[in-house]
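K.L.:
Input structure: upload18.pdb, which contains PDB, C-alpha atoms and all ligand atoms.
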ATOM      1  CA  MET H   1       0.000   0.000   0.000  1.00  0.00           C
ATOM      2  CA  SER H   2       1.148   3.476  -0.757  1.00  0.00           C
ATOM      3  CA  GLY H   3       1.087   6.422   1.627  1.00  0.00           C
ATOM      4  CA  GLU H   4       0.937   6.499   5.374  1.00  0.00           C
ATOM      5  CA  LYS H   5      -0.902   4.051   7.568  1.00  0.00           C
ATOM      6  CA  LEU H   6      -4.106   5.174   9.260  1.00  0.00           C
ATOM      7  CA  ARG H   7      -3.455   6.302  12.824  1.00  0.00           C
ATOM      8  CA  VAL H   8      -5.776   4.532  15.269  1.00  0.00           C
ATOM      9  CA  VAL H   9      -6.493   5.230  18.954  1.00  0.00           C
ATOM     10  CA  VAL H  10      -8.317   2.508  20.913  1.00  0.00           C
ATOM     11  CA  LEU H  11     -10.367   3.170  24.057  1.00  0.00           C
ATOM     12  CA  VAL H  12     -10.800   0.369  26.592  1.00  0.00           C
ATOM     13  CA  SER H  13     -12.204  -0.130  30.067  1.00  0.00           C
ATOM     14  CA  GLY H  14     -11.014  -3.604  31.016  1.00  0.00           C
ATOM     15  CA  ARG H  15      -9.818  -6.952  29.745  1.00  0.00           C
ATOM     16  CA  GLY H  16      -8.867  -5.762  26.269  1.00  0.00           C
ATOM     17  CA  SER H  17      -9.230  -8.965  24.287  1.00  0.00           C
ATOM     18  CA  ASN H  18     -10.619  -6.992  21.330  1.00  0.00           C
ATOM     19  CA  LEU H  19      -7.682  -4.632  21.689  1.00  0.00           C
ATOM     20  CA  GLN H  20      -5.419  -7.686  21.509  1.00  0.00           C
ATOM     21  CA  ALA H  21      -7.023  -8.731  18.231  1.00  0.00           C
ATOM     22  CA  ILE H  22      -6.260  -5.248  16.848  1.00  0.00           C
ATOM     23  CA  ILE H  23      -2.675  -5.362  18.172  1.00  0.00           C
ATOM     24  CA  ASP H  24      -2.160  -8.771  16.584  1.00  0.00           C
ATOM     25  CA  ASP H  25      -3.558  -7.668  13.242  1.00  0.00           C
ATOM     26  CA  GLY H  26      -1.326  -4.597  13.355  1.00  0.00           C
ATOM     27  CA  THR H  27       1.779  -6.792  13.407  1.00  0.00           C
ATOM     28  CA  HIS H  28       1.163  -7.934   9.827  1.00  0.00           C
ATOM     29  CA  PRO H  29       3.403  -5.942   7.482  1.00  0.00           C
ATOM     30  CA  ASP H  30       0.532  -5.409   5.044  1.00  0.00           C
ATOM     31  CA  CYS H  31      -1.706  -3.933   7.757  1.00  0.00           C
ATOM     32  CA  PRO H  32      -3.048  -0.550   6.597  1.00  0.00           C
ATOM     33  CA  PHE H  33      -3.329   0.925  10.095  1.00  0.00           C
ATOM     34  CA  GLU H  34      -1.038   1.631  13.019  1.00  0.00           C
ATOM     35  CA  LEU H  35      -2.128   1.644  16.618  1.00  0.00           C
ATOM     36  CA  CYS H  36      -0.727   4.823  18.143  1.00  0.00           C
ATOM     37  CA  ALA H  37      -2.304   4.818  21.602  1.00  0.00           C
ATOM     38  CA  VAL H  38      -4.582   2.995  24.008  1.00  0.00           C
ATOM     39  CA  ILE H  39      -6.569   5.055  26.482  1.00  0.00           C
ATOM     40  CA  SER H  40      -8.468   3.604  29.439  1.00  0.00           C
ATOM     41  CA  ASN H  41     -10.966   5.235  31.772  1.00  0.00           C
ATOM     42  CA  ARG H  42      -9.860   2.785  34.463  1.00  0.00           C
ATOM     43  CA  PRO H  43      -6.328   2.449  35.832  1.00  0.00           C
ATOM     44  CA  GLN H  44      -4.558  -0.897  36.009  1.00  0.00           C
ATOM     45  CA  VAL H  45      -6.724  -2.860  33.639  1.00  0.00           C
ATOM     46  CA  ALA H  46      -5.473  -5.781  31.555  1.00  0.00           C
ATOM     47  CA  GLY H  47      -6.021  -3.787  28.363  1.00  0.00           C
ATOM     48  CA  LEU H  48      -3.318  -1.304  29.407  1.00  0.00           C
ATOM     49  CA  GLU H  49      -0.891  -4.146  30.134  1.00  0.00           C
ATOM     50  CA  ARG H  50      -1.528  -5.647  26.708  1.00  0.00           C
ATOM     51  CA  ALA H  51      -0.716  -2.285  25.096  1.00  0.00           C
ATOM     52  CA  GLN H  52       2.434  -1.815  27.169  1.00  0.00           C
ATOM     53  CA  LYS H  53       3.640  -5.282  26.228  1.00  0.00           C
ATOM     54  CA  ALA H  54       3.203  -4.326  22.581  1.00  0.00           C
ATOM     55  CA  HIS H  55       5.103  -1.023  23.164  1.00  0.00           C
ATOM     56  CA  ILE H  56       2.072   1.113  22.428  1.00  0.00           C
ATOM     57  CA  SER H  57       1.583   4.428  24.281  1.00  0.00           C
ATOM     58  CA  THR H  58      -0.996   4.288  27.032  1.00  0.00           C
ATOM     59  CA  ARG H  59      -2.917   6.887  28.983  1.00  0.00           C
ATOM     60  CA  VAL H  60      -5.465   6.730  31.749  1.00  0.00           C
ATOM     61  CA  VAL H  61      -8.255   9.299  31.816  1.00  0.00           C
ATOM     62  CA  ASP H  62     -10.031   8.217  34.974  1.00  0.00           C
ATOM     63  CA  HIS H  63     -13.692   9.219  34.896  1.00  0.00           C
ATOM     64  CA  LYS H  64     -13.668   9.332  38.693  1.00  0.00           C
ATOM     65  CA  SER H  65     -11.304  12.315  38.614  1.00  0.00           C
ATOM     66  CA  TYR H  66     -13.840  14.542  36.855  1.00  0.00           C
ATOM     67  CA  ALA H  67     -16.859  16.399  38.175  1.00  0.00           C
ATOM     68  CA  GLY H  68     -19.156  15.117  35.440  1.00  0.00           C
ATOM     69  CA  ARG H  69     -19.579  13.593  32.028  1.00  0.00           C
ATOM     70  CA  GLU H  70     -18.843  16.835  30.111  1.00  0.00           C
ATOM     71  CA  GLN H  71     -15.559  17.408  31.925  1.00  0.00           C
ATOM     72  CA  PHE H  72     -14.496  13.784  31.504  1.00  0.00           C
ATOM     73  CA  ASP H  73     -15.333  13.764  27.813  1.00  0.00           C
ATOM     74  CA  ALA H  74     -13.470  17.042  27.261  1.00  0.00           C
ATOM     75  CA  ALA H  75     -10.334  15.584  28.876  1.00  0.00           C
ATOM     76  CA  LEU H  76     -10.719  12.351  26.928  1.00  0.00           C
ATOM     77  CA  LYS H  77     -11.125  14.251  23.665  1.00  0.00           C
ATOM     78  CA  GLU H  78      -7.983  16.254  24.368  1.00  0.00           C
ATOM     79  CA  SER H  79      -5.977  13.101  25.120  1.00  0.00           C
ATOM     80  CA  ILE H  80      -7.160  11.449  21.934  1.00  0.00           C
ATOM     81  CA  ASP H  81      -6.563  14.538  19.773  1.00  0.00           C
ATOM     82  CA  ALA H  82      -2.954  14.678  20.952  1.00  0.00           C
ATOM     83  CA  TYR H  83      -2.356  11.542  18.852  1.00  0.00           C
ATOM     84  CA  GLN H  84      -4.111  12.973  15.763  1.00  0.00           C
ATOM     85  CA  PRO H  85      -5.881   9.726  14.905  1.00  0.00           C
ATOM     86  CA  GLY H  86      -7.798   9.099  11.707  1.00  0.00           C
ATOM     87  CA  LEU H  87      -9.966   6.586  13.572  1.00  0.00           C
ATOM     88  CA  VAL H  88     -11.015   6.077  17.202  1.00  0.00           C
ATOM     89  CA  VAL H  89     -12.145   2.588  18.206  1.00  0.00           C
ATOM     90  CA  LEU H  90     -14.283   1.802  21.253  1.00  0.00           C
ATOM     91  CA  ALA H  91     -13.215  -1.737  22.169  1.00  0.00           C
ATOM     92  CA  GLY H  92     -14.995  -2.631  25.384  1.00  0.00           C
ATOM     93  CA  PHE H  93     -15.170   1.010  26.443  1.00  0.00           C
ATOM     94  CA  MET H  94     -17.910   1.121  29.056  1.00  0.00           C
ATOM     95  CA  ARG H  95     -18.791   4.823  29.325  1.00  0.00           C
ATOM     96  CA  ILE H  96     -21.659   6.633  27.665  1.00  0.00           C
ATOM     97  CA  LEU H  97     -20.251   9.504  25.609  1.00  0.00           C
ATOM     98  CA  THR H  98     -21.735  13.002  25.290  1.00  0.00           C
ATOM     99  CA  PRO H  99     -23.101  14.313  21.972  1.00  0.00           C
ATOM    100  CA  ALA H 100     -20.297  16.928  21.890  1.00  0.00           C
ATOM    101  CA  PHE H 101     -17.686  14.166  22.002  1.00  0.00           C
ATOM    102  CA  ILE H 102     -19.487  12.075  19.403  1.00  0.00           C
ATOM    103  CA  ASP H 103     -19.909  15.085  17.073  1.00  0.00           C
ATOM    104  CA  HIS H 104     -16.229  15.904  17.329  1.00  0.00           C
ATOM    105  CA  PHE H 105     -15.286  12.418  16.090  1.00  0.00           C
ATOM    106  CA  HIS H 106     -18.166  12.106  13.634  1.00  0.00           C
ATOM    107  CA  GLY H 107     -17.436   9.543  10.914  1.00  0.00           C
ATOM    108  CA  ARG H 108     -14.213   8.367  12.562  1.00  0.00           C
ATOM    109  CA  LEU H 109     -15.538   6.732  15.748  1.00  0.00           C
ATOM    110  CA  ILE H 110     -16.553   3.055  15.741  1.00  0.00           C
ATOM    111  CA  ASN H 111     -17.746   0.634  18.419  1.00  0.00           C
ATOM    112  CA  ILE H 112     -17.981  -3.131  18.848  1.00  0.00           C
ATOM    113  CA  HIS H 113     -21.170  -4.333  20.499  1.00  0.00           C
ATOM    114  CA  PRO H 114     -21.948  -7.929  21.521  1.00  0.00           C
ATOM    115  CA  SER H 115     -25.323  -8.367  19.834  1.00  0.00           C
ATOM    116  CA  LEU H 116     -26.934  -8.314  16.428  1.00  0.00           C
ATOM    117  CA  LEU H 117     -27.953  -4.668  16.564  1.00  0.00           C
ATOM    118  CA  PRO H 118     -30.565  -3.258  16.567  1.00  0.00           C
ATOM    119  CA  GLU H 119     -31.390  -6.171  18.881  1.00  0.00           C
ATOM    120  CA  PHE H 120     -30.171  -5.895  22.459  1.00  0.00           C
ATOM    121  CA  PRO H 121     -28.512  -2.516  22.796  1.00  0.00           C
ATOM    122  CA  GLY H 122     -27.088  -1.848  26.266  1.00  0.00           C
ATOM    123  CA  LEU H 123     -25.756  -4.338  28.805  1.00  0.00           C
ATOM    124  CA  ASP H 124     -26.206  -8.072  29.529  1.00  0.00           C
ATOM    125  CA  THR H 125     -26.823  -8.848  25.881  1.00  0.00           C
ATOM    126  CA  HIS H 126     -26.024 -12.575  26.139  1.00  0.00           C
ATOM    127  CA  GLN H 127     -28.305 -13.147  29.100  1.00  0.00           C
ATOM    128  CA  ARG H 128     -31.067 -11.209  27.397  1.00  0.00           C
ATOM    129  CA  ALA H 129     -30.665 -13.172  24.152  1.00  0.00           C
ATOM    130  CA  ILE H 130     -31.000 -16.474  26.029  1.00  0.00           C
ATOM    131  CA  ALA H 131     -33.930 -15.243  28.115  1.00  0.00           C
ATOM    132  CA  GLY H 132     -35.651 -13.989  24.966  1.00  0.00           C
ATOM    133  CA  GLY H 133     -35.350 -17.399  23.299  1.00  0.00           C
ATOM    134  CA  ALA H 134     -33.107 -16.132  20.473  1.00  0.00           C
ATOM    135  CA  VAL H 135     -31.842 -18.874  18.174  1.00  0.00           C
ATOM    136  CA  GLU H 136     -29.193 -16.617  16.755  1.00  0.00           C
ATOM    137  CA  HIS H 137     -26.974 -14.003  18.376  1.00  0.00           C
ATOM    138  CA  GLY H 138     -23.769 -12.234  17.468  1.00  0.00           C
ATOM    139  CA  ALA H 139     -21.761  -9.050  17.347  1.00  0.00           C
ATOM    140  CA  SER H 140     -21.838  -5.762  15.438  1.00  0.00           C
ATOM    141  CA  VAL H 141     -19.322  -3.086  14.541  1.00  0.00           C
ATOM    142  CA  HIS H 142     -20.921   0.286  13.864  1.00  0.00           C
ATOM    143  CA  PHE H 143     -20.177   3.961  13.514  1.00  0.00           C
ATOM    144  CA  VAL H 144     -21.119   5.718  16.730  1.00  0.00           C
ATOM    145  CA  SER H 145     -24.092   8.067  16.745  1.00  0.00           C
ATOM    146  CA  SER H 146     -25.570   9.926  19.687  1.00  0.00           C
ATOM    147  CA  ILE H 147     -28.083   7.146  20.414  1.00  0.00           C
ATOM    148  CA  LEU H 148     -26.503   4.374  22.503  1.00  0.00           C
ATOM    149  CA  ASP H 149     -25.420   1.300  20.490  1.00  0.00           C
ATOM    150  CA  SER H 150     -26.995   2.750  17.404  1.00  0.00           C
ATOM    151  CA  GLY H 151     -25.416   4.240  14.303  1.00  0.00           C
ATOM    152  CA  PRO H 152     -24.713   2.827  10.845  1.00  0.00           C
ATOM    153  CA  LEU H 153     -23.665  -0.838  10.863  1.00  0.00           C
ATOM    154  CA  ILE H 154     -20.376  -1.806   9.220  1.00  0.00           C
ATOM    155  CA  ILE H 155     -20.197  -5.568   9.807  1.00  0.00           C
ATOM    156  CA  GLN H 156     -21.977  -8.226  11.850  1.00  0.00           C
ATOM    157  CA  ALA H 157     -21.133 -11.826  12.757  1.00  0.00           C
ATOM    158  CA  ARG H 158     -23.779 -14.401  13.640  1.00  0.00           C
ATOM    159  CA  VAL H 159     -23.505 -17.383  15.957  1.00  0.00           C
ATOM    160  CA  PRO H 160     -26.117 -19.948  16.946  1.00  0.00           C
ATOM    161  CA  VAL H 161     -27.587 -20.013  20.448  1.00  0.00           C
ATOM    162  CA  LEU H 162     -27.251 -23.663  21.477  1.00  0.00           C
ATOM    163  CA  ALA H 163     -29.413 -25.661  23.863  1.00  0.00           C
ATOM    164  CA  GLY H 164     -27.898 -25.482  27.329  1.00  0.00           C
ATOM    165  CA  ASP H 165     -25.978 -22.256  26.656  1.00  0.00           C
ATOM    166  CA  ASP H 166     -25.461 -20.013  29.629  1.00  0.00           C
ATOM    167  CA  ALA H 167     -24.405 -16.382  29.222  1.00  0.00           C
ATOM    168  CA  ALA H 168     -20.707 -17.246  29.599  1.00  0.00           C
ATOM    169  CA  ALA H 169     -20.771 -19.949  26.918  1.00  0.00           C
ATOM    170  CA  LEU H 170     -22.645 -17.706  24.515  1.00  0.00           C
ATOM    171  CA  ALA H 171     -20.357 -14.746  25.293  1.00  0.00           C
ATOM    172  CA  ALA H 172     -17.288 -16.843  24.465  1.00  0.00           C
ATOM    173  CA  ARG H 173     -18.774 -17.885  21.115  1.00  0.00           C
ATOM    174  CA  VAL H 174     -19.598 -14.275  20.287  1.00  0.00           C
ATOM    175  CA  LEU H 175     -16.234 -12.956  21.478  1.00  0.00           C
ATOM    176  CA  GLU H 176     -14.372 -15.165  19.027  1.00  0.00           C
ATOM    177  CA  GLN H 177     -16.328 -13.451  16.241  1.00  0.00           C
ATOM    178  CA  GLU H 178     -15.722  -9.987  17.706  1.00  0.00           C
ATOM    179  CA  HIS H 179     -11.989 -10.623  17.398  1.00  0.00           C
ATOM    180  CA  ARG H 180     -12.478 -11.386  13.713  1.00  0.00           C
ATOM    181  CA  ILE H 181     -14.804  -8.567  12.664  1.00  0.00           C
ATOM    182  CA  LEU H 182     -13.310  -5.617  14.541  1.00  0.00           C
ATOM    183  CA  PRO H 183      -9.878  -5.718  12.845  1.00  0.00           C
ATOM    184  CA  ARG H 184     -11.637  -6.309   9.543  1.00  0.00           C
ATOM    185  CA  ALA H 185     -13.760  -3.171   9.953  1.00  0.00           C
ATOM    186  CA  ILE H 186     -10.675  -1.147  10.877  1.00  0.00           C
ATOM    187  CA  ARG H 187      -8.870  -2.398   7.781  1.00  0.00           C
ATOM    188  CA  TRP H 188     -11.818  -1.469   5.563  1.00  0.00           C
ATOM    189  CA  PHE H 189     -11.856   2.006   7.056  1.00  0.00           C
ATOM    190  CA  ALA H 190      -8.075   2.338   6.669  1.00  0.00           C
ATOM    191  CA  GLU H 191      -8.280   1.252   3.038  1.00  0.00           C
ATOM    192  CA  GLY H 192     -10.846   3.979   2.377  1.00  0.00           C
ATOM    193  CA  ARG H 193     -13.494   1.431   1.445  1.00  0.00           C
ATOM    194  CA  LEU H 194     -16.243   2.674   3.806  1.00  0.00           C
ATOM    195  CA  ALA H 195     -18.626   5.571   3.347  1.00  0.00           C
ATOM    196  CA  ILE H 196     -21.709   6.681   5.270  1.00  0.00           C
ATOM    197  CA  ASP H 197     -24.826   7.306   3.193  1.00  0.00           C
ATOM    198  CA  ASP H 198     -27.622   8.572   5.474  1.00  0.00           C
ATOM    199  CA  ASP H 199     -28.031   5.730   7.957  1.00  0.00           C
ATOM    200  CA  ARG H 200     -26.259   3.096   5.915  1.00  0.00           C
ATOM    201  CA  VAL H 201     -22.662   2.158   5.465  1.00  0.00           C
ATOM    202  CA  LEU H 202     -21.364   1.587   1.975  1.00  0.00           C
ATOM    203  CA  LEU H 203     -18.491  -0.848   1.432  1.00  0.00           C
ATOM    204  CA  ASP H 204     -16.856  -0.311  -1.942  1.00  0.00           C
ATOM    205  CA  GLY H 205     -19.907   1.750  -2.917  1.00  0.00           C
ATOM    206  CA  LYS H 206     -22.499  -0.932  -2.076  1.00  0.00           C
ATOM    207  CA  ALA H 207     -24.611  -1.429   1.074  1.00  0.00           C
ATOM    208  CA  ALA H 208     -22.321  -3.078   3.632  1.00  0.00           C
ATOM    209  CA  LEU H 209     -25.165  -5.067   5.210  1.00  0.00           C
TER
HETATM  210  C1  LIG H 301     -16.827  -7.164  24.428  1.00  0.00           C
HETATM  211  O1  LIG H 301     -17.772  -8.198  24.426  1.00  0.00           O
HETATM  212  C2  LIG H 301     -17.375  -5.935  23.763  1.00  0.00           C
HETATM  213  O2  LIG H 301     -18.188  -6.208  22.670  1.00  0.00           O
HETATM  214  C3  LIG H 301     -18.196  -5.347  24.892  1.00  0.00           C
HETATM  215  O3  LIG H 301     -17.406  -5.551  26.036  1.00  0.00           O
HETATM  216  C4  LIG H 301     -16.573  -6.677  25.847  1.00  0.00           C
HETATM  217  C5  LIG H 301     -15.166  -6.217  26.027  1.00  0.00           C
HETATM  218  O4  LIG H 301     -14.252  -7.275  25.990  1.00  0.00           O
HETATM  219  N1  LIG H 301     -18.543  -3.980  24.614  1.00  0.00           N
HETATM  220  P1  LIG H 301     -12.715  -7.002  25.849  1.00  0.00           P
HETATM  221  O5  LIG H 301     -12.341  -5.930  26.869  1.00  0.00           O
HETATM  222  O6  LIG H 301     -12.434  -6.539  24.445  1.00  0.00           O
HETATM  223  O7  LIG H 301     -12.044  -8.308  26.157  1.00  0.00           O
END
Rewrite the coordinates I just gave you, this time as structure tokens.

P.N.:
Amino acid sequence: MSGEKLRVVVLVSGRGSNLQAIIDDGTHPDCPFELCAVISNRPQVAGLERAQKAHISTRVVDHKSYAGREQFDAALKESIDAYQPGLVVLAGFMRILTPAFIDHFHGRLINIHPSLLPEFPGLDTHQRAIAGGAVEHGASVHFVSSILDSGPLIIQARVPVLAGDDAAALAARVLEQEHRILPRAIRWFAEGRLAIDDDRVLLDGKAAL
């Protein structure tokens, strides 16, 4: 590929297994993006350790140190902007973001969510899928809009819900797919193959989903 690689900042809140999938993909020489920083709203989480091991800059912007959501988001925005990213990825980032933050990163902010959106926005998606008798479940990567777990869908992965599944078993099946689709979406973005057309995402000029 010609030209510079897309600069990516990843936001995490915990374990960071999706972050790890991005780190691993970034080690391929043909990868069209580079991970320039990982920012966590919680100190001492495994996601930060994963980044440090991979020699990626880390920062903590602890939401508890700020008077409210606006102040936290302003500090977070400033930390991200310092890295001048072309794309910001929410990978298990567990804070609701303000419209001002989302507007600032419009069109370059994506999220991974563990359900087949628009089904099951919010928390406890696996438990809710089982309780609701779903036969199919999965994960979605989408551009972030100001409505929680909404916004144009880039890619989804489906898994079956099997008899006897508990939330942990189903979560593990979904997580494996998350690790596949999130790096793929980032690559598509980095390769300039995605566009937003109203509420839809276009991949190579055609509806992505
Ligand atoms: C993932 O299931 C993600 O979809 C959800 O939180 C979980 C984070 O896992 N938003 P990890 O931190 O990437 O391991």

K.L.:
Evaluated on this file, the PyMOL selection byres (((not hetatm)) within 9 of (chain H and resi 301)) picks out some residues - which ones are they, written as a VMD selection string?

P.N.:
chain H and resid 12 to 21 46 to 47 90 to 94 111 to 115 122 to 123 139 to 141 171 to 172 174 to 175 178 to 179

K.L.:
Fewer than 3 positions away in the same chain doesn't count, so skip those; otherwise give me all residues within 8 Å of region 151-162 of chain H, counting all atoms listed in the file, as a PyMOL selection string.

P.N.:
chain H and resi 116+130+134-147+165+170+173-174+177-178+181+185+196+199-201+208-209

K.L.:
Next, dump the selected residues to file, keeping only C-alpha atoms, as a PDB file, in the coordinates of the input.

P.N.:
ATOM      1  CA  LEU H 116     -26.934  -8.314  16.428  1.00  0.00           C
ATOM      2  CA  ILE H 130     -31.000 -16.474  26.029  1.00  0.00           C
ATOM      3  CA  ALA H 134     -33.107 -16.132  20.473  1.00  0.00           C
ATOM      4  CA  VAL H 135     -31.842 -18.874  18.174  1.00  0.00           C
ATOM      5  CA  GLU H 136     -29.193 -16.617  16.755  1.00  0.00           C
ATOM      6  CA  HIS H 137     -26.974 -14.003  18.376  1.00  0.00           C
ATOM      7  CA  GLY H 138     -23.769 -12.234  17.468  1.00  0.00           C
ATOM      8  CA  ALA H 139     -21.761  -9.050  17.347  1.00  0.00           C
ATOM      9  CA  SER H 140     -21.838  -5.762  15.438  1.00  0.00           C
ATOM     10  CA  VAL H 141     -19.322  -3.086  14.541  1.00  0.00           C
ATOM     11  CA  HIS H 142     -20.921   0.286  13.864  1.00  0.00           C
ATOM     12  CA  PHE H 143     -20.177   3.961  13.514  1.00  0.00           C
ATOM     13  CA  VAL H 144     -21.119   5.718  16.730  1.00  0.00           C
ATOM     14  CA  SER H 145     -24.092   8.067  16.745  1.00  0.00           C
ATOM     15  CA  SER H 146     -25.570   9.926  19.687  1.00  0.00           C
ATOM     16  CA  ILE H 147     -28.083   7.146  20.414  1.00  0.00           C
ATOM     17  CA  ASP H 165     -25.978 -22.256  26.656  1.00  0.00           C
ATOM     18  CA  LEU H 170     -22.645 -17.706  24.515  1.00  0.00           C
ATOM     19  CA  ARG H 173     -18.774 -17.885  21.115  1.00  0.00           C
ATOM     20  CA  VAL H 174     -19.598 -14.275  20.287  1.00  0.00           C
ATOM     21  CA  GLN H 177     -16.328 -13.451  16.241  1.00  0.00           C
ATOM     22  CA  GLU H 178     -15.722  -9.987  17.706  1.00  0.00           C
ATOM     23  CA  ILE H 181     -14.804  -8.567  12.664  1.00  0.00           C
ATOM     24  CA  ALA H 185     -13.760  -3.171   9.953  1.00  0.00           C
ATOM     25  CA  ILE H 196     -21.709   6.681   5.270  1.00  0.00           C
ATOM     26  CA  ASP H 199     -28.031   5.730   7.957  1.00  0.00           C
ATOM     27  CA  ARG H 200     -26.259   3.096   5.915  1.00  0.00           C
ATOM     28  CA  VAL H 201     -22.662   2.158   5.465  1.00  0.00           C
ATOM     29  CA  ALA H 208     -22.321  -3.078   3.632  1.00  0.00           C
ATOM     30  CA  LEU H 209     -25.165  -5.067   5.210  1.00  0.00           C
TER      31      LEU H 209
END

K.L.:
Kindly give the distance, in Å, that separates CA of Gly133 (chain H) and CA of Ser150 (chain H), rounded to a single decimal.

P.N.:
22.6 Å

K.L.:
Got a sec to resolve the PyMOL selection byres (((chain H and resi 75) around 12) and not hetatm) on this structure and send the residues as number ranges by chain?

P.N.:
H: 39, 41, 59-63, 65-74, 76-82, 101

K.L.:
How about saving the chosen residues, C-alpha atoms kept, as a tab-separated table (two decimals), in the frame of the given file?

P.N.:
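Saved the output as result.tsv:
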chain	number	residue	atom	x	y	z
H	39	ILE	CA	-6.57	5.06	26.48
H	41	ASN	CA	-10.97	5.24	31.77
H	59	ARG	CA	-2.92	6.89	28.98
H	60	VAL	CA	-5.46	6.73	31.75
H	61	VAL	CA	-8.26	9.30	31.82
H	62	ASP	CA	-10.03	8.22	34.97
H	63	HIS	CA	-13.69	9.22	34.90
H	65	SER	CA	-11.30	12.32	38.61
H	66	TYR	CA	-13.84	14.54	36.85
H	67	ALA	CA	-16.86	16.40	38.17
H	68	GLY	CA	-19.16	15.12	35.44
H	69	ARG	CA	-19.58	13.59	32.03
H	70	GLU	CA	-18.84	16.84	30.11
H	71	GLN	CA	-15.56	17.41	31.92
H	72	PHE	CA	-14.50	13.78	31.50
H	73	ASP	CA	-15.33	13.76	27.81
H	74	ALA	CA	-13.47	17.04	27.26
H	76	LEU	CA	-10.72	12.35	26.93
H	77	LYS	CA	-11.12	14.25	23.66
H	78	GLU	CA	-7.98	16.25	24.37
H	79	SER	CA	-5.98	13.10	25.12
H	80	ILE	CA	-7.16	11.45	21.93
H	81	ASP	CA	-6.56	14.54	19.77
H	82	ALA	CA	-2.95	14.68	20.95
H	101	PHE	CA	-17.69	14.17	22.00

K.L.:
Which distance in Å separates CA of Glu34 (chain H) and CA of Arg7 (chain H), to one decimal?

P.N.:
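Atom-to-atom, CA of Glu34 (chain H) and CA of Arg7 (chain H) are spaced 5.3 Å apart.
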
K.L.:
Quick check on the file I pasted: which residues fall under the PyMOL selection byres (((chain H and resi 88) around 8) and not hetatm)? Write them as a list in words.

P.N.:
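Listing what the PyMOL selection byres (((chain H and resi 88) around 8) and not hetatm) selects in the shown file: Val8, Val9, Val10, Leu11, Pro85, Gly86, Leu87, Val89, Leu90, Phe105, Arg108, Leu109 and Ile110 of chain H.
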
K.L.:
What's the separation between CA of Arg187 (chain H) and CA of Ala207 (chain H), in Å to one decimal place?

P.N.:
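A separation of 17.1 Å between them.
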
K.L.:
Kindly indicate which residue among H:Leu182, H:Ala167, H:Leu35, H:Leu6 lies nearest to Arg128 (chain H), using all atoms listed in the file for the distances.

P.N.:
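Using all atoms listed in the file, the shortest distance to Arg128 (chain H) belongs to H:Ala167.
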
K.L.:
Would you place a box with edges along x, y and z of the file around all atoms of region 29-45 of chain H listed there, add 4 Å to each of its six sides, and report the centre and edge lengths in Å to one decimal, as lines of an AutoDock Vina configuration file?

P.N.:
center_x = -3.8
center_y = -0.4
center_z = 20.5
size_x = 22.4
size_y = 19.2
size_z = 39.0
